[in-house]
Structure formats: structure tokens, C-alpha cells
Amino acid sequence: MTSPVVSVLIVSWNVRDYLLRCLASLAAGAGALSYEVIVVDNASQDGTVAAVRAQFPTVQVIANSTNRGFTAANNQALAIARGEFLFLLNPDTEVQPGAIAELQRFLVAHPDVGIVGPRLLYPDGSLQSSRRRFPTLATLFTESTVVQEYLPGLAVFRRYTLADRSPEQPQLVDWVVGAAMLVRRQVYEQIGGLDEGFFMYAEEIDWCRRAQAAGWNVAYDPAAVVIHHEARSSEQVVAARLISFFRSRVRYTRKYYGARWAAMLRLWLLTTLAWQWLREAGKWLVGHKRPLRAARMVVLRHVLRSGLR
């Protein structure tokens, strides 16, 4: 059997309708390229597996009996993928015509690039930030915390999101958001799969960092466009999402900056989360949007109880 040029790898959890739209967009996205599709479903309860098998019978489906997480499930797909290029894609995306073909063309034209990401857009057509520099300690201690909430204009955030570079030009970057990224098979064979110590979040930063350490560049190609609805799976479990997000941040810090910085970061994050709980409690006490405040307090309490361990 002839191997396809591209393997499209999708991990899904309870987003059946988004996934079906994603799968329907792939043919136009691939153009003339041959491709295979592998869906790994993490024990969805919304009929995802049956729907995919009925509507897209050529798609290979791995139906996990438990939620193995984004990283481990992607590794399942990577292990059986046959393509020369590996396209990791979120289920809440819609690939625009020619996007996969463009990313593959970009890698062929730039043999030094091992990973490339497209321009991501929100459903309303606005730009979604998808290219980054590697996080510094300043980034890790401030981004997506109350510091950014109160001081969004700090230079550290502009540096992190490459706000000093036009998103209209193809460019080398440190890493691209894992919602859509095309990877050479040689990169996967050289550095291995995603680090399963990250249940989800930060795994693509680590993968891009490992690829660069092995001598590959990472690039952003705005000529390829993917619509990303963003967080359609994780928004269903807000507390678990926050726990995974911050645990991954602590783990990334430990891996690249050492255990002492990771311990300080964990303590700092818990302190900021406790402040947020107190702020919500204060607003609840004065009667401001009590149902909303109560819901947020429950979420924050779950995160705090986890200890981010």
C-alpha cells in the first residue's frame, strides 16, 4: 500500500459536531495531496465514534476507553501514522481550502524547517495569536495570571506573542500553537513523540524546543489559514482545564529551569489563585452577580485543592 503524503492526526473529546465539520474540511484543505486521517477519541460520551465511522468510513478511529489526555492520544496516532508529513490538528478547527497543501509546500521549500504552523483565525475572522517566543521566567510567572489581567501592556507579553513582528509575513519562530502544526516525519523519528508528562498544554512548546535542539527550525506560514473555535473540549471542565494548564507550566519550568524555580512558580501561582478566590468572595458578599461569583469560587477552590501537583 502506498503511503500518503500527509497523516492528519486528531484527538477528540466530546466535540462530535465540531469534529465532523473539521473532517469535512480536510479534502479541500489537502487539495491534490494524498492523505490519511486518524482520530483518537478519548472516551467521548456524545456519540463521536459512531458518528465518525458512519459519516467518514475511511477515517481510522482509535476509541480509548478512558481519557488518556491530549498528549498520550496524539502519540497513539503518531505511532501508526504512515505519512511523510504529520499534521496535528485540533477537532474544533476548520481547515481552509489549500491550507494543508500550503504547509506541505512550505516544508518542501524550506528543508531546514521541521515544524510549521498556519495562521489561526477565530470564527469571526479575527486573528488568533499562534506564534510565540519561548517563555522566559518572567513570562512563566506573569502570563495568564492576575499580573496580565491588571497589567496587560507589559513588554513581557508583547515579546512573548511576537507583537513586534507582522503576522502577515512568513517567519521563523520559537514555537507554534499546537491546534494545527505540520511536522516532518524525520523530526518525529529523531526526537520522538510528545512528552506524556504534559497531560495537555505546553506539550507543543516542549516539542518545538526539542526539535530546535536537534537542529530544526520552526516556522509560521500565514498563507495557510485554519479557523480555530478554541477550547471547545476543555471549556466543558473549567477546573480541570486550569489545573492542567498550570501543572504543565510548573512541569515545563522544572524541565527547563530546574526544581527550585518550579517550586517557586507553583507557590506563586497558588498565591495568585487564592487572591482571585478572595476577590470573588468579596464580590459575592456585596451581592454582585452572586451566581457567577459562586461558580468561580467553586472552580478556584478545586484548583487550589489540587496544589497543582
# chains A, B, ... in the order shown; residues from 1 in each chain; ligands from 1
$ closest_atom_pairs --of "range 201-272 of chain A" --to "range 170-183 of chain A" --cutoff "9 Å" --atoms "only C-alpha atoms" --output "Markdown table"
| residue | atom | partner | partner_atom | distance |
| --- | --- | --- | --- | --- |
| A:Tyr201 | CA | A:Gly178 | CA | 8.8 |
| A:Ala202 | CA | A:Gly178 | CA | 8.9 |
| A:Glu203 | CA | A:Gly178 | CA | 8.2 |
| A:Glu204 | CA | A:Gly178 | CA | 5.5 |
| A:Ile205 | CA | A:Trp175 | CA | 5.8 |
| A:Asp206 | CA | A:Trp175 | CA | 8.8 |
| A:Trp207 | CA | A:Trp175 | CA | 8.6 |
| A:Cys208 | CA | A:Trp175 | CA | 5.5 |
| A:Arg209 | CA | A:Asp174 | CA | 7.3 |
| A:Gln212 | CA | A:Asp174 | CA | 8.2 |
| A:Asn217 | CA | A:Leu172 | CA | 6.9 |
| A:Val218 | CA | A:Val173 | CA | 5.7 |
| A:Ala219 | CA | A:Leu172 | CA | 4.3 |
| A:Tyr220 | CA | A:Gln171 | CA | 5.5 |
| A:Asp221 | CA | A:Pro170 | CA | 4.7 |
| A:Pro222 | CA | A:Pro170 | CA | 6.1 |
| A:Ala223 | CA | A:Pro170 | CA | 7.9 |
| A:Val226 | CA | A:Ala180 | CA | 7.6 |
| A:His228 | CA | A:Ala179 | CA | 7.5 |
| A:Glu230 | CA | A:Ala179 | CA | 8.2 |
$ closest_atom_pairs --of "range 71-144 of chain A" --to "range 244-263 of chain A" --cutoff "10 Å" --atoms "only C-alpha atoms" --output "Markdown table"
| residue | atom | partner | partner_atom | distance |
| --- | --- | --- | --- | --- |
| A:Pro135 | CA | A:Thr253 | CA | 9.3 |
| A:Thr136 | CA | A:Thr253 | CA | 9.3 |
| A:Leu137 | CA | A:Thr253 | CA | 7.9 |
| A:Leu140 | CA | A:Arg249 | CA | 7.0 |
| A:Phe141 | CA | A:Arg249 | CA | 9.3 |
| A:Ser144 | CA | A:Phe246 | CA | 9.5 |
$ write_last_selection --atoms "C-alpha atoms" --output "PDB file, in the first residue's frame"
ATOM      1  CA  PRO A 135       8.667  31.595  27.651  1.00  0.00           C
ATOM      2  CA  THR A 136      11.196  33.223  29.941  1.00  0.00           C
ATOM      3  CA  LEU A 137      10.871  33.009  33.708  1.00  0.00           C
ATOM      4  CA  LEU A 140       6.017  31.917  33.229  1.00  0.00           C
ATOM      5  CA  PHE A 141       5.360  33.955  36.374  1.00  0.00           C
ATOM      6  CA  SER A 144      -2.307  34.189  32.094  1.00  0.00           C
TER       7      SER A 144
END
$ atom_distance --atom1 "CA of Gly153 in chain A" --atom2 "CA of Ala274 in chain A"
23.6 Å
$ residues_around --residues "Leu9 in chain A" --least-positions-apart "4" --cutoff "8 Å" --atoms "only C-alpha atoms" --output "list in words"
Val37, Ile38, Val39, Val40, Asn74, Ala77, Leu78, Leu86, Phe87, Leu88 and Leu89 of chain A
$ atom_distance --atom1 "CA of Thr48 in chain A" --atom2 "CA of Glu102 in chain A"
29.1 Å
$ atom_distance --atom1 "CA of Arg301 in chain A" --atom2 "CA of Glu280 in chain A"
11.2 Å
$ residues_around --residues "Asp46 in chain A" --least-positions-apart "5" --cutoff "12 Å" --atoms "only C-alpha atoms" --output "list in words"
Ser12, Trp13, Asn14, Val15, Arg16, Asp17, Tyr18, Leu19, Asp41, Ala51, Val52 and Ser233 of chain A
$ write_last_selection --atoms "N, CA, C and O atoms" --output "short mmCIF file (atom, residue, chain, number, x, y, z; two decimals), in the first residue's frame"
data_model
loop_
_atom_site.label_atom_id
_atom_site.label_comp_id
_atom_site.auth_asym_id
_atom_site.auth_seq_id
_atom_site.Cartn_x
_atom_site.Cartn_y
_atom_site.Cartn_z
N SER A 12 -9.89 13.79 19.98
CA SER A 12 -11.23 14.34 20.21
C SER A 12 -11.78 13.92 21.57
O SER A 12 -11.52 12.81 22.05
N TRP A 13 -12.53 14.82 22.17
CA TRP A 13 -13.23 14.50 23.43
C TRP A 13 -14.52 15.33 23.51
O TRP A 13 -14.49 16.53 23.72
N ASN A 14 -15.65 14.67 23.27
CA ASN A 14 -16.98 15.26 23.42
C ASN A 14 -17.20 16.53 22.59
O ASN A 14 -17.83 17.49 23.06
N VAL A 15 -16.70 16.53 21.37
CA VAL A 15 -16.94 17.66 20.46
C VAL A 15 -17.36 17.12 19.09
O VAL A 15 -16.84 17.54 18.06
N ARG A 16 -18.31 16.20 19.11
CA ARG A 16 -18.71 15.50 17.88
C ARG A 16 -19.00 16.43 16.71
O ARG A 16 -18.47 16.26 15.62
N ASP A 17 -19.85 17.42 16.93
CA ASP A 17 -20.28 18.27 15.81
C ASP A 17 -19.12 19.09 15.25
O ASP A 17 -19.00 19.26 14.03
N TYR A 18 -18.25 19.60 16.12
CA TYR A 18 -17.07 20.32 15.65
C TYR A 18 -16.15 19.38 14.87
O TYR A 18 -15.59 19.75 13.83
N LEU A 19 -15.98 18.18 15.39
CA LEU A 19 -15.09 17.22 14.72
C LEU A 19 -15.62 16.87 13.33
O LEU A 19 -14.84 16.79 12.37
N ASP A 41 -10.20 9.03 19.89
CA ASP A 41 -11.26 9.57 20.73
C ASP A 41 -11.02 9.15 22.18
O ASP A 41 -10.87 7.96 22.49
N ALA A 51 -20.57 8.38 15.04
CA ALA A 51 -20.82 9.38 14.01
C ALA A 51 -19.69 9.42 12.99
O ALA A 51 -19.93 9.50 11.78
N VAL A 52 -18.45 9.38 13.46
CA VAL A 52 -17.31 9.42 12.55
C VAL A 52 -17.30 8.17 11.67
O VAL A 52 -17.11 8.26 10.44
N SER A 233 -13.31 21.55 23.83
CA SER A 233 -13.30 20.39 24.74
C SER A 233 -13.06 20.83 26.17
O SER A 233 -13.84 20.51 27.07
#
$ select_by_dssp --residues "range 177-214 of chain A" --states "strand (DSSP E or B)" --output "JSON, numbers by chain"
{"A": [180, 181, 182, 183, 184]}
$ closest_residue --among "A:Ser306, A:Gln276, A:Thr2, A:Ser34" --to "Val147 in chain A" --atoms "only C-alpha atoms"
A:Gln276
$ residues_around --residues "Leu278 in chain A" --least-positions-apart "3" --cutoff "12 Å" --atoms "only C-alpha atoms" --output "list of chain:residue names"
A:Thr271, A:Thr272, A:Leu273, A:Ala274, A:Trp275, A:Ala281, A:Gly282, A:Lys283, A:Trp284, A:Leu285, A:Arg293, A:Ala294, A:Arg296, A:Met297, A:Val298, A:Leu300, A:Arg301
$ write_last_selection --atoms "C-alpha atoms" --output "short mmCIF file (atom, residue, chain, number, x, y, z; two decimals), in the first residue's frame"
data_model
loop_
_atom_site.label_atom_id
_atom_site.label_comp_id
_atom_site.auth_asym_id
_atom_site.auth_seq_id
_atom_site.Cartn_x
_atom_site.Cartn_y
_atom_site.Cartn_z
CA THR A 271 -0.99 32.60 45.82
CA THR A 272 -2.46 34.38 42.80
CA LEU A 273 -5.30 31.86 42.60
CA ALA A 274 -6.05 32.34 46.31
CA TRP A 275 -6.18 36.11 45.70
CA ALA A 281 -15.73 36.04 47.63
CA GLY A 282 -15.66 39.76 48.32
CA LYS A 283 -17.85 40.48 45.31
CA TRP A 284 -20.23 37.70 46.36
CA LEU A 285 -20.53 39.19 49.84
CA ARG A 293 -19.12 34.62 41.76
CA ALA A 294 -20.21 31.38 43.41
CA ARG A 296 -15.97 30.93 40.00
CA MET A 297 -15.26 30.28 43.68
CA VAL A 298 -16.08 26.58 43.21
CA LEU A 300 -10.89 28.16 42.07
CA ARG A 301 -11.38 26.03 45.18
#
$ residues_around --residues "Leu308 in chain A" --least-positions-apart "3" --cutoff "8 Å" --atoms "only C-alpha atoms" --output "ChimeraX atom specification"
/A:243,246-247,266,270,303-304
$ write_last_selection --atoms "N, CA and C atoms" --output "PDB file, in the first residue's frame"
ATOM      1  N   ILE A 243      -6.273  23.370  36.109  1.00  0.00           N
ATOM      2  CA  ILE A 243      -5.295  22.530  36.792  1.00  0.00           C
ATOM      3  C   ILE A 243      -4.260  22.015  35.793  1.00  0.00           C
ATOM      4  N   PHE A 246      -1.880  24.987  34.532  1.00  0.00           N
ATOM      5  CA  PHE A 246      -0.849  25.445  35.451  1.00  0.00           C
ATOM      6  C   PHE A 246       0.099  24.314  35.860  1.00  0.00           C
ATOM      7  N   ARG A 247      -0.391  23.080  35.957  1.00  0.00           N
ATOM      8  CA  ARG A 247       0.521  21.953  36.209  1.00  0.00           C
ATOM      9  C   ARG A 247       1.547  21.839  35.091  1.00  0.00           C
ATOM     10  N   ARG A 266       5.106  27.325  41.450  1.00  0.00           N
ATOM     11  CA  ARG A 266       3.894  26.683  41.970  1.00  0.00           C
ATOM     12  C   ARG A 266       3.332  27.473  43.149  1.00  0.00           C
ATOM     13  N   LEU A 270      -0.322  29.461  43.139  1.00  0.00           N
ATOM     14  CA  LEU A 270      -1.333  29.192  44.164  1.00  0.00           C
ATOM     15  C   LEU A 270      -1.697  30.473  44.919  1.00  0.00           C
ATOM     16  N   VAL A 303      -9.106  24.074  42.033  1.00  0.00           N
ATOM     17  CA  VAL A 303      -7.725  24.258  41.566  1.00  0.00           C
ATOM     18  C   VAL A 303      -6.781  24.366  42.757  1.00  0.00           C
ATOM     19  N   LEU A 304      -7.184  25.131  43.761  1.00  0.00           N
ATOM     20  CA  LEU A 304      -6.340  25.299  44.939  1.00  0.00           C
ATOM     21  C   LEU A 304      -6.150  23.973  45.683  1.00  0.00           C
TER      22      LEU A 304
END
$ residues_around --residues "Asn75 in chain A" --least-positions-apart "5" --cutoff "9 Å" --atoms "only C-alpha atoms" --output "PyMOL selection string"
chain A and resi 70+80+193-196
$ write_last_selection --atoms "all heavy atoms" --output "PDB file, in the first residue's frame"
ATOM      1  N   PHE A  70      -4.517  14.695  25.906  1.00  0.00           N
ATOM      2  CA  PHE A  70      -4.193  15.151  24.556  1.00  0.00           C
ATOM      3  C   PHE A  70      -2.853  14.595  24.089  1.00  0.00           C
ATOM      4  O   PHE A  70      -2.722  14.141  22.949  1.00  0.00           O
ATOM      5  CB  PHE A  70      -4.164  16.685  24.545  1.00  0.00           C
ATOM      6  CG  PHE A  70      -3.836  17.293  23.213  1.00  0.00           C
ATOM      7  CD1 PHE A  70      -4.795  17.411  22.232  1.00  0.00           C
ATOM      8  CD2 PHE A  70      -2.554  17.756  22.943  1.00  0.00           C
ATOM      9  CE1 PHE A  70      -4.508  17.970  20.994  1.00  0.00           C
ATOM     10  CE2 PHE A  70      -2.241  18.325  21.704  1.00  0.00           C
ATOM     11  CZ  PHE A  70      -3.227  18.428  20.733  1.00  0.00           C
ATOM     12  N   ILE A  80       1.065   5.054  14.569  1.00  0.00           N
ATOM     13  CA  ILE A  80       0.548   4.274  13.441  1.00  0.00           C
ATOM     14  C   ILE A  80       0.470   5.096  12.149  1.00  0.00           C
ATOM     15  O   ILE A  80       0.109   4.572  11.100  1.00  0.00           O
ATOM     16  CB  ILE A  80      -0.835   3.670  13.751  1.00  0.00           C
ATOM     17  CG1 ILE A  80      -1.878   4.764  13.958  1.00  0.00           C
ATOM     18  CG2 ILE A  80      -0.757   2.751  14.951  1.00  0.00           C
ATOM     19  CD1 ILE A  80      -3.303   4.204  14.024  1.00  0.00           C
ATOM     20  N   GLY A 193       8.066  11.264  20.215  1.00  0.00           N
ATOM     21  CA  GLY A 193       6.745  11.863  20.300  1.00  0.00           C
ATOM     22  C   GLY A 193       6.656  12.944  21.357  1.00  0.00           C
ATOM     23  O   GLY A 193       7.657  13.402  21.920  1.00  0.00           O
ATOM     24  N   LEU A 194       5.428  13.337  21.625  1.00  0.00           N
ATOM     25  CA  LEU A 194       5.172  14.353  22.636  1.00  0.00           C
ATOM     26  C   LEU A 194       5.465  13.801  24.024  1.00  0.00           C
ATOM     27  O   LEU A 194       5.320  12.601  24.275  1.00  0.00           O
ATOM     28  CB  LEU A 194       3.707  14.807  22.554  1.00  0.00           C
ATOM     29  CG  LEU A 194       3.296  15.467  21.231  1.00  0.00           C
ATOM     30  CD1 LEU A 194       1.777  15.558  21.135  1.00  0.00           C
ATOM     31  CD2 LEU A 194       3.918  16.845  21.101  1.00  0.00           C
ATOM     32  N   ASP A 195       5.876  14.661  24.916  1.00  0.00           N
ATOM     33  CA  ASP A 195       6.192  14.283  26.293  1.00  0.00           C
ATOM     34  C   ASP A 195       4.896  14.065  27.060  1.00  0.00           C
ATOM     35  O   ASP A 195       4.153  15.008  27.342  1.00  0.00           O
ATOM     36  CB  ASP A 195       7.016  15.387  26.945  1.00  0.00           C
ATOM     37  CG  ASP A 195       7.450  15.046  28.366  1.00  0.00           C
ATOM     38  OD1 ASP A 195       6.895  14.103  28.973  1.00  0.00           O
ATOM     39  OD2 ASP A 195       8.344  15.745  28.882  1.00  0.00           O
ATOM     40  N   GLU A 196       4.595  12.816  27.417  1.00  0.00           N
ATOM     41  CA  GLU A 196       3.336  12.493  28.067  1.00  0.00           C
ATOM     42  C   GLU A 196       3.267  12.947  29.522  1.00  0.00           C
ATOM     43  O   GLU A 196       2.237  12.798  30.177  1.00  0.00           O
ATOM     44  CB  GLU A 196       3.047  10.994  27.946  1.00  0.00           C
ATOM     45  CG  GLU A 196       2.835  10.573  26.499  1.00  0.00           C
ATOM     46  CD  GLU A 196       2.449   9.117  26.319  1.00  0.00           C
ATOM     47  OE1 GLU A 196       2.029   8.484  27.314  1.00  0.00           O
ATOM     48  OE2 GLU A 196       2.576   8.599  25.186  1.00  0.00           O
TER      49      GLU A 196
END
$ decode --residues "range 107-120 of chain A" --atoms "all heavy atoms" --output "PDB file, in the first residue's frame"
ATOM      1  N   LEU A 107       7.247  23.329   3.787  1.00  0.00           N
ATOM      2  CA  LEU A 107       8.306  22.466   4.311  1.00  0.00           C
ATOM      3  C   LEU A 107       9.198  21.943   3.193  1.00  0.00           C
ATOM      4  O   LEU A 107      10.420  21.827   3.365  1.00  0.00           O
ATOM      5  CB  LEU A 107       7.701  21.309   5.104  1.00  0.00           C
ATOM      6  CG  LEU A 107       7.091  21.664   6.463  1.00  0.00           C
ATOM      7  CD1 LEU A 107       6.655  20.404   7.203  1.00  0.00           C
ATOM      8  CD2 LEU A 107       8.059  22.462   7.332  1.00  0.00           C
ATOM      9  N   VAL A 108       8.609  21.630   2.056  1.00  0.00           N
ATOM     10  CA  VAL A 108       9.421  21.168   0.920  1.00  0.00           C
ATOM     11  C   VAL A 108      10.371  22.276   0.472  1.00  0.00           C
ATOM     12  O   VAL A 108      11.534  22.023   0.141  1.00  0.00           O
ATOM     13  CB  VAL A 108       8.507  20.721  -0.237  1.00  0.00           C
ATOM     14  CG1 VAL A 108       9.327  20.489  -1.504  1.00  0.00           C
ATOM     15  CG2 VAL A 108       7.755  19.446   0.147  1.00  0.00           C
ATOM     16  N   ALA A 109       9.875  23.522   0.492  1.00  0.00           N
ATOM     17  CA  ALA A 109      10.685  24.652   0.030  1.00  0.00           C
ATOM     18  C   ALA A 109      11.728  25.087   1.048  1.00  0.00           C
ATOM     19  O   ALA A 109      12.679  25.795   0.687  1.00  0.00           O
ATOM     20  CB  ALA A 109       9.770  25.835  -0.307  1.00  0.00           C
ATOM     21  N   HIS A 110      11.571  24.672   2.302  1.00  0.00           N
ATOM     22  CA  HIS A 110      12.499  25.085   3.360  1.00  0.00           C
ATOM     23  C   HIS A 110      12.983  23.830   4.110  1.00  0.00           C
ATOM     24  O   HIS A 110      12.442  23.460   5.152  1.00  0.00           O
ATOM     25  CB  HIS A 110      11.800  26.048   4.334  1.00  0.00           C
ATOM     26  CG  HIS A 110      11.315  27.310   3.691  1.00  0.00           C
ATOM     27  ND1 HIS A 110      10.078  27.409   3.071  1.00  0.00           N
ATOM     28  CD2 HIS A 110      11.903  28.524   3.560  1.00  0.00           C
ATOM     29  CE1 HIS A 110       9.920  28.633   2.593  1.00  0.00           C
ATOM     30  NE2 HIS A 110      11.011  29.327   2.858  1.00  0.00           N
ATOM     31  N   PRO A 111      13.995  23.166   3.589  1.00  0.00           N
ATOM     32  CA  PRO A 111      14.446  21.899   4.178  1.00  0.00           C
ATOM     33  C   PRO A 111      15.013  22.019   5.584  1.00  0.00           C
ATOM     34  O   PRO A 111      15.173  21.002   6.269  1.00  0.00           O
ATOM     35  CB  PRO A 111      15.521  21.422   3.186  1.00  0.00           C
ATOM     36  CG  PRO A 111      15.930  22.641   2.444  1.00  0.00           C
ATOM     37  CD  PRO A 111      14.728  23.510   2.362  1.00  0.00           C
ATOM     38  N   ASP A 112      15.304  23.247   6.032  1.00  0.00           N
ATOM     39  CA  ASP A 112      15.807  23.436   7.388  1.00  0.00           C
ATOM     40  C   ASP A 112      14.686  23.515   8.412  1.00  0.00           C
ATOM     41  O   ASP A 112      14.931  23.470   9.618  1.00  0.00           O
ATOM     42  CB  ASP A 112      16.628  24.719   7.472  1.00  0.00           C
ATOM     43  CG  ASP A 112      15.818  25.944   7.090  1.00  0.00           C
ATOM     44  OD1 ASP A 112      15.133  25.905   6.042  1.00  0.00           O
ATOM     45  OD2 ASP A 112      15.843  26.947   7.825  1.00  0.00           O
ATOM     46  N   VAL A 113      13.434  23.658   7.947  1.00  0.00           N
ATOM     47  CA  VAL A 113      12.287  23.801   8.844  1.00  0.00           C
ATOM     48  C   VAL A 113      11.664  22.432   9.101  1.00  0.00           C
ATOM     49  O   VAL A 113      11.338  21.706   8.162  1.00  0.00           O
ATOM     50  CB  VAL A 113      11.233  24.765   8.257  1.00  0.00           C
ATOM     51  CG1 VAL A 113       9.991  24.830   9.150  1.00  0.00           C
ATOM     52  CG2 VAL A 113      11.839  26.158   8.084  1.00  0.00           C
ATOM     53  N   GLY A 114      11.502  22.097  10.371  1.00  0.00           N
ATOM     54  CA  GLY A 114      10.933  20.799  10.730  1.00  0.00           C
ATOM     55  C   GLY A 114       9.479  20.855  11.132  1.00  0.00           C
ATOM     56  O   GLY A 114       8.760  19.856  11.037  1.00  0.00           O
ATOM     57  N   ILE A 115       9.033  22.027  11.595  1.00  0.00           N
ATOM     58  CA  ILE A 115       7.655  22.206  12.053  1.00  0.00           C
ATOM     59  C   ILE A 115       7.165  23.549  11.543  1.00  0.00           C
ATOM     60  O   ILE A 115       7.881  24.552  11.643  1.00  0.00           O
ATOM     61  CB  ILE A 115       7.567  22.178  13.589  1.00  0.00           C
ATOM     62  CG1 ILE A 115       8.057  20.837  14.159  1.00  0.00           C
ATOM     63  CG2 ILE A 115       6.142  22.460  14.065  1.00  0.00           C
ATOM     64  CD1 ILE A 115       8.145  20.796  15.679  1.00  0.00           C
ATOM     65  N   VAL A 116       5.940  23.577  11.018  1.00  0.00           N
ATOM     66  CA  VAL A 116       5.361  24.840  10.561  1.00  0.00           C
ATOM     67  C   VAL A 116       3.900  24.913  11.003  1.00  0.00           C
ATOM     68  O   VAL A 116       3.186  23.911  11.006  1.00  0.00           O
ATOM     69  CB  VAL A 116       5.473  24.993   9.022  1.00  0.00           C
ATOM     70  CG1 VAL A 116       4.712  23.900   8.280  1.00  0.00           C
ATOM     71  CG2 VAL A 116       4.996  26.372   8.583  1.00  0.00           C
ATOM     72  N   GLY A 117       3.488  26.118  11.398  1.00  0.00           N
ATOM     73  CA  GLY A 117       2.111  26.343  11.806  1.00  0.00           C
ATOM     74  C   GLY A 117       1.441  27.353  10.899  1.00  0.00           C
ATOM     75  O   GLY A 117       2.108  28.230  10.327  1.00  0.00           O
ATOM     76  N   PRO A 118       0.112  27.282  10.746  1.00  0.00           N
ATOM     77  CA  PRO A 118      -0.616  28.204   9.882  1.00  0.00           C
ATOM     78  C   PRO A 118      -1.047  29.457  10.629  1.00  0.00           C
ATOM     79  O   PRO A 118      -0.848  29.586  11.842  1.00  0.00           O
ATOM     80  CB  PRO A 118      -1.850  27.382   9.499  1.00  0.00           C
ATOM     81  CG  PRO A 118      -2.142  26.621  10.769  1.00  0.00           C
ATOM     82  CD  PRO A 118      -0.775  26.268  11.339  1.00  0.00           C
ATOM     83  N   ARG A 119      -1.661  30.365   9.901  1.00  0.00           N
ATOM     84  CA  ARG A 119      -2.380  31.482  10.511  1.00  0.00           C
ATOM     85  C   ARG A 119      -3.671  30.906  11.108  1.00  0.00           C
ATOM     86  O   ARG A 119      -4.442  30.213  10.417  1.00  0.00           O
ATOM     87  CB  ARG A 119      -2.721  32.529   9.446  1.00  0.00           C
ATOM     88  CG  ARG A 119      -3.481  33.743   9.977  1.00  0.00           C
ATOM     89  CD  ARG A 119      -4.189  34.483   8.845  1.00  0.00           C
ATOM     90  NE  ARG A 119      -3.293  34.856   7.754  1.00  0.00           N
ATOM     91  CZ  ARG A 119      -2.832  36.102   7.573  1.00  0.00           C
ATOM     92  NH1 ARG A 119      -3.203  37.073   8.379  1.00  0.00           N
ATOM     93  NH2 ARG A 119      -2.035  36.363   6.555  1.00  0.00           N
ATOM     94  N   LEU A 120      -3.916  31.177  12.373  1.00  0.00           N
ATOM     95  CA  LEU A 120      -5.170  30.776  13.003  1.00  0.00           C
ATOM     96  C   LEU A 120      -6.097  31.975  13.091  1.00  0.00           C
ATOM     97  O   LEU A 120      -5.665  33.079  13.446  1.00  0.00           O
ATOM     98  CB  LEU A 120      -4.926  30.214  14.410  1.00  0.00           C
ATOM     99  CG  LEU A 120      -4.133  28.910  14.525  1.00  0.00           C
ATOM    100  CD1 LEU A 120      -4.053  28.475  15.986  1.00  0.00           C
ATOM    101  CD2 LEU A 120      -4.746  27.797  13.672  1.00  0.00           C
TER     102      LEU A 120
END
